[in-house]
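Novice: Structure in structure tokens, see below.
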Amino acid sequence: MAEGEKYRKERLDRGIKARSDTIYVLASSRDLLYLLMPRALPVALLILLPILLHGTYWEKVLFYSCIFGLLALSWDFMNSVGLVSLGQALFFGAGAYFAGALNHYLGWPIFLTIPAGTIGGALICTALLVPVVRLRGVYFSIVTLILPLLFAHLIETLEILGGTHGLLSLSAYPSGWIAIYLAVGALLLVLFGFRKILDEDFGMILRGIRDDDRVVMAAGVNIYWYKAQSIFLAAAVGSFAGALMTHYYQFVGRSVLALDYTILPLAAVVLGGPGSFAGAALGSFILVPLSEALRAMGGLRMALYGLILIGALAALPEGIFHYLQRRYHQFERMVKV
Amino acid sequence: MTEDVILEVRRLTKTFGGIMAVCDVSLEVRRGEFVGIIGPNGSGKTTLINLITGFVKPTSGKVLYKGQDITGKPPYEIACLGIARTFQMARTLHKLPAFKNLIVPLCSPRVRKFRGGKYGERDDIAIDILDDLGFERDSFVPYKIAGTLPHGYLKRLDLARCIALRPELLILDELFSGMAMSEVAATLPMLEKFHREGLTIIMVEHRLRELFRVANRVMVMNFGQKIADGPPQEVMEMEEVQKAYLGTEVEE
């Protein structure tokens, strides 16, 4: 740059959007690839990963990433309806105990306990949260925070569902492939399913409730009914993750109601970027392997983990996914002032 | 009670703590009327609207809509009966594209009753309604994120949301506040058209000149009470109304 001349950065959108963020114009196969690649590549990678990692320790990490990814998606879905949940552990625990109890006490096989745990857990969670669906903001969050802790204490003191020992020797998956592909498949299905739902007319109502629920009420829509439906969907996803994990561990105990299953998904969404679901999934695929990789650090592990998290949030408050998305859709150039 | 009374407010009272926001107000609106509600700031106009539309529960009194008691019903049920309202501070779904704002009323049980909406079909209906209200369909305006639109458009988007609900009674809370003169001039004929087509309208407004052009009847409120009700010219000549608006002379 010449002396004395001032330049500034200019950001330009790549010319593929027409009229609004939701309508695209595809003029060539190159445009098609441009839109398709960011979706197809991660999907292909996720399908290949179980084969690549087969037999290694990292296969387990991939499974955990999917489990936490499902919980993060479930959190992000509730958040896009304006319900800030601090109780993903409730969904996770409900599904885990439901599937575990059916398997332990009634001897139901895996292919029945997982769907039953998903639906049953979701119904229980919805029934528990519907009475407080009128609460807004932090008041709703507090209730979701308390419920899993309450159930952990109930199980402990009443010694129900195995009490402090938990339910042991549950059925295992007939093959490791089934477990990992169930997790990967569910993650992809929920990721694209949630994205689709929020673009439908139904999703417009949900997003509207988050924007201004009084406007939605004035438009003649029963917001509580829609909130209940979204809680059911989010709870079903969380319960599915719980049921899946129960049979992976072949054990269910109070630890499934622990704060970990609330905080880690939440951190994953914040790191990846809320609102797009892809950010939630991406966040889990960064956080879970990171926390495993840091295992070698011993006692300093959690401290370092926290530092990395804070650093990432300070550098990219919008979330990693939104940053990548912006860089992909815009290009920068220097122009003379 | 006669057939053509669409809304009857009976001795409605609302207190917030010790403050009487609305005090013993009664009002009868006939089908096809265009009623204005005026009064100084803080006189209880917006609270009265919130009471009618269910956003605030009354301390005492009753609201009857087409002879049916709707007091204490939730706002969405009242909206589905055919009472649509705008908000004083133009509330919209600011993160959605403007035309997607109308998807919400078009998905309400009330509108579903009129026509089954398939996916994508509602978008067309939404664009049609917005086009009628001055959002040109071939421009970028209806597709923009609502929060990025200028204030005048937001006000009309709020109105469009009401129209999409196919209301029988439309309540406008200071629709013209913050609108440019040209926008008011463009919106007024639309309201007259809706009125001609049989819509009953209640309009709270501070712009009296515009209000008097369209309203057949005006109710005046002051300190939560109804102080006058009648044709615009008569009402404005009443001593009490002039006192409320201009204040009393200070005696020395």
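Naming scheme: A, B, ... for chains in displayed order of the structure tokens; residues 1 onward per chain; ligands 1 onward as shown.
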Give me, as a PyMOL selection string, all polymer residues having an atom no more than 12 Å from Val270 (chain A), counting only C-alpha atoms and skipping those fewer than 5 positions away in the same chain.
Specialist: chain A and resi 72-73+75-76+79+263-265+275-284+286-287+309-310+312-314+316-322
Novice: Go ahead and save the picked residues with C-alpha atoms, as a CSV table (one decimal), in the first residue's frame.
Specialist:
```csv
chain,number,residue,atom,x,y,z
A,72,ALA,CA,-27.0,-29.7,22.9
A,73,LEU,CA,-29.5,-29.9,20.0
A,75,TRP,CA,-31.1,-27.3,24.4
A,76,ASP,CA,-30.8,-25.2,21.3
A,79,ASN,CA,-33.8,-21.9,23.3
A,263,ILE,CA,-23.6,-27.8,31.8
A,264,LEU,CA,-21.6,-29.5,29.0
A,265,PRO,CA,-24.4,-29.3,26.4
A,275,GLY,CA,-29.7,-20.7,16.9
A,276,SER,CA,-28.5,-22.8,14.0
A,277,PHE,CA,-28.3,-26.3,15.6
A,278,ALA,CA,-25.2,-26.9,13.5
A,279,GLY,CA,-23.4,-24.8,16.1
A,280,ALA,CA,-24.6,-27.0,18.9
A,281,ALA,CA,-23.4,-30.2,17.1
A,282,LEU,CA,-20.1,-28.6,16.2
A,283,GLY,CA,-19.6,-27.4,19.8
A,284,SER,CA,-20.0,-30.9,21.2
A,286,ILE,CA,-15.0,-29.8,19.9
A,287,LEU,CA,-15.7,-30.0,23.6
A,309,LEU,CA,-13.6,-22.4,27.0
A,310,ILE,CA,-13.3,-18.8,28.3
A,312,ALA,CA,-12.9,-19.3,22.8
A,313,LEU,CA,-15.9,-17.4,24.1
A,314,ALA,CA,-13.9,-14.2,24.4
A,316,LEU,CA,-15.7,-15.6,19.2
A,317,PRO,CA,-18.7,-14.5,21.2
A,318,GLU,CA,-21.0,-15.2,18.2
A,319,GLY,CA,-19.9,-18.9,18.3
A,320,ILE,CA,-17.6,-20.8,16.1
A,321,PHE,CA,-20.2,-21.9,13.6
A,322,HIS,CA,-21.5,-18.4,12.9
```
Novice: Counting only C-alpha atoms, what is within 9 Å of Ala96 (chain A), bar same-chain residues fewer than 6 positions away, as a PDB file with N, CA and C atoms, in the first residue's frame?
Specialist:
```
ATOM      1  N   ILE A 114     -35.473 -48.690  24.029  1.00  0.00           N
ATOM      2  CA  ILE A 114     -35.018 -47.376  23.543  1.00  0.00           C
ATOM      3  C   ILE A 114     -36.189 -46.522  23.036  1.00  0.00           C
ATOM      4  N   GLY A 117     -38.278 -45.706  26.102  1.00  0.00           N
ATOM      5  CA  GLY A 117     -37.601 -44.715  26.935  1.00  0.00           C
ATOM      6  C   GLY A 117     -37.699 -43.331  26.336  1.00  0.00           C
ATOM      7  N   THR A 118     -37.596 -43.250  25.003  1.00  0.00           N
ATOM      8  CA  THR A 118     -37.689 -41.960  24.329  1.00  0.00           C
ATOM      9  C   THR A 118     -39.058 -41.335  24.543  1.00  0.00           C
ATOM     10  N   GLY A 121     -39.956 -41.126  28.534  1.00  0.00           N
ATOM     11  CA  GLY A 121     -39.191 -40.057  29.175  1.00  0.00           C
ATOM     12  C   GLY A 121     -39.696 -38.695  28.758  1.00  0.00           C
ATOM     13  N   SER A 239     -34.170 -37.718  25.992  1.00  0.00           N
ATOM     14  CA  SER A 239     -34.458 -39.043  26.544  1.00  0.00           C
ATOM     15  C   SER A 239     -33.866 -40.140  25.669  1.00  0.00           C
ATOM     16  N   PHE A 240     -33.908 -39.929  24.356  1.00  0.00           N
ATOM     17  CA  PHE A 240     -33.307 -40.899  23.446  1.00  0.00           C
ATOM     18  C   PHE A 240     -31.815 -41.034  23.746  1.00  0.00           C
ATOM     19  N   ALA A 241     -31.158 -39.887  23.926  1.00  0.00           N
ATOM     20  CA  ALA A 241     -29.730 -39.912  24.253  1.00  0.00           C
ATOM     21  C   ALA A 241     -29.497 -40.683  25.550  1.00  0.00           C
ATOM     22  N   GLY A 242     -30.375 -40.469  26.537  1.00  0.00           N
ATOM     23  CA  GLY A 242     -30.251 -41.166  27.817  1.00  0.00           C
ATOM     24  C   GLY A 242     -30.415 -42.670  27.668  1.00  0.00           C
ATOM     25  N   ALA A 243     -31.453 -43.068  26.912  1.00  0.00           N
ATOM     26  CA  ALA A 243     -31.721 -44.491  26.718  1.00  0.00           C
ATOM     27  C   ALA A 243     -30.558 -45.164  25.998  1.00  0.00           C
ATOM     28  N   LEU A 244     -30.017 -44.445  25.009  1.00  0.00           N
ATOM     29  CA  LEU A 244     -28.894 -44.972  24.225  1.00  0.00           C
ATOM     30  C   LEU A 244     -27.678 -45.201  25.123  1.00  0.00           C
ATOM     31  N   MET A 245     -27.427 -44.238  25.982  1.00  0.00           N
ATOM     32  CA  MET A 245     -26.257 -44.283  26.856  1.00  0.00           C
ATOM     33  C   MET A 245     -26.403 -45.393  27.901  1.00  0.00           C
ATOM     34  N   THR A 246     -27.643 -45.567  28.410  1.00  0.00           N
ATOM     35  CA  THR A 246     -27.895 -46.588  29.433  1.00  0.00           C
ATOM     36  C   THR A 246     -27.427 -47.971  28.974  1.00  0.00           C
ATOM     37  N   HIS A 247     -27.812 -48.312  27.743  1.00  0.00           N
ATOM     38  CA  HIS A 247     -27.456 -49.641  27.251  1.00  0.00           C
ATOM     39  C   HIS A 247     -25.991 -49.710  26.842  1.00  0.00           C
ATOM     40  N   VAL A 252     -27.534 -47.938  34.891  1.00  0.00           N
ATOM     41  CA  VAL A 252     -28.092 -46.601  35.082  1.00  0.00           C
ATOM     42  C   VAL A 252     -28.103 -46.274  36.573  1.00  0.00           C
ATOM     43  N   GLY A 253     -27.587 -45.106  36.900  1.00  0.00           N
ATOM     44  CA  GLY A 253     -27.539 -44.686  38.300  1.00  0.00           C
ATOM     45  C   GLY A 253     -27.818 -43.200  38.394  1.00  0.00           C
ATOM     46  N   VAL A 256     -26.770 -40.076  35.999  1.00  0.00           N
ATOM     47  CA  VAL A 256     -27.386 -39.578  34.766  1.00  0.00           C
ATOM     48  C   VAL A 256     -28.192 -38.303  35.020  1.00  0.00           C
TER      49      VAL A 256
END
```
Novice: Hey, list the chain A side of the contact with chain B: 8 Å cut-off, only C-alpha atoms, answer as a PyMOL selection string.
Specialist: chain A and resi 19-20+200-201+204-205+207-208+211-212+215-222
Novice: Would you save the residues from that selection as a short mmCIF file (atom, residue, chain, number, x, y, z; two decimals), in the first residue's frame, using C-alpha atoms?
Specialist:
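So the final result, stored in selection-v1.cif, reads:
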```
data_model
loop_
_atom_site.label_atom_id
_atom_site.label_comp_id
_atom_site.auth_asym_id
_atom_site.auth_seq_id
_atom_site.Cartn_x
_atom_site.Cartn_y
_atom_site.Cartn_z
CA ARG A 19 -34.40 -10.91 -1.62
CA SER A 20 -33.94 -12.44 1.81
CA GLU A 200 -41.82 -24.59 8.48
CA ASP A 201 -44.91 -22.59 9.39
CA MET A 204 -42.42 -19.57 12.53
CA ILE A 205 -44.78 -19.76 15.49
CA ARG A 207 -39.57 -18.44 16.67
CA GLY A 208 -42.35 -15.89 17.06
CA ASP A 211 -39.38 -12.88 19.73
CA ASP A 212 -42.54 -11.63 21.44
CA VAL A 215 -47.76 -10.72 19.61
CA VAL A 216 -48.26 -14.44 19.05
CA MET A 217 -51.12 -14.47 21.56
CA ALA A 218 -52.68 -11.43 19.89
CA ALA A 219 -52.53 -13.42 16.63
CA GLY A 220 -54.83 -16.04 18.15
CA VAL A 221 -52.27 -18.75 18.81
CA ASN A 222 -52.19 -20.63 22.13
#
```
Novice: If you run DSSP on the backbone, which residues of region 26-72 of chain B are strand (DSSP E), as a list in words?
Specialist: Ser26, Leu27, Glu28, Val29, Arg30, Phe34, Val35, Gly36, Ile37, Ile38, Ser60, Gly61, Lys62, Val63, Leu64, Tyr65, Gln68 and Asp69 of chain B
Novice: Restricting it to C-alpha atoms, dump the selection as an mmCIF file, in the first residue's frame.
Specialist:
```cif
data_model
loop_
_atom_site.group_PDB
_atom_site.id
_atom_site.type_symbol
_atom_site.label_atom_id
_atom_site.label_comp_id
_atom_site.auth_asym_id
_atom_site.auth_seq_id
_atom_site.Cartn_x
_atom_site.Cartn_y
_atom_site.Cartn_z
ATOM 1 C CA SER B 26 -69.104 1.245 30.245
ATOM 2 C CA LEU B 27 -69.194 1.260 26.451
ATOM 3 C CA GLU B 28 -71.391 -0.162 23.743
ATOM 4 C CA VAL B 29 -70.138 -0.604 20.197
ATOM 5 C CA ARG B 30 -72.511 -1.521 17.381
ATOM 6 C CA PHE B 34 -66.007 3.404 13.890
ATOM 7 C CA VAL B 35 -65.402 4.512 17.458
ATOM 8 C CA GLY B 36 -62.561 6.753 18.556
ATOM 9 C CA ILE B 37 -61.190 6.745 22.086
ATOM 10 C CA ILE B 38 -59.270 9.845 23.100
ATOM 11 C CA SER B 60 -64.447 -5.951 38.375
ATOM 12 C CA GLY B 61 -66.881 -5.565 35.521
ATOM 13 C CA LYS B 62 -67.667 -7.526 32.403
ATOM 14 C CA VAL B 63 -66.827 -7.622 28.703
ATOM 15 C CA LEU B 64 -69.402 -9.098 26.347
ATOM 16 C CA TYR B 65 -68.613 -9.852 22.715
ATOM 17 C CA GLN B 68 -70.922 -13.855 24.990
ATOM 18 C CA ASP B 69 -69.074 -13.163 28.238
#
```
Novice: Quick one: DSSP alpha helix (DSSP H) residues in region 28-109 of chain B, as a list in words?
Specialist: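 Listing alpha helix (DSSP H) positions across region 28-109 of chain B yields Lys45, Thr46, Thr47, Leu48, Ile49, Asn50, Leu51, Ile52, Pro75, Tyr76, Glu77, Ile78, Ala79, Cys80, Leu81, Ile103, Val104, Pro105, Leu106 and Pro109 of chain B.
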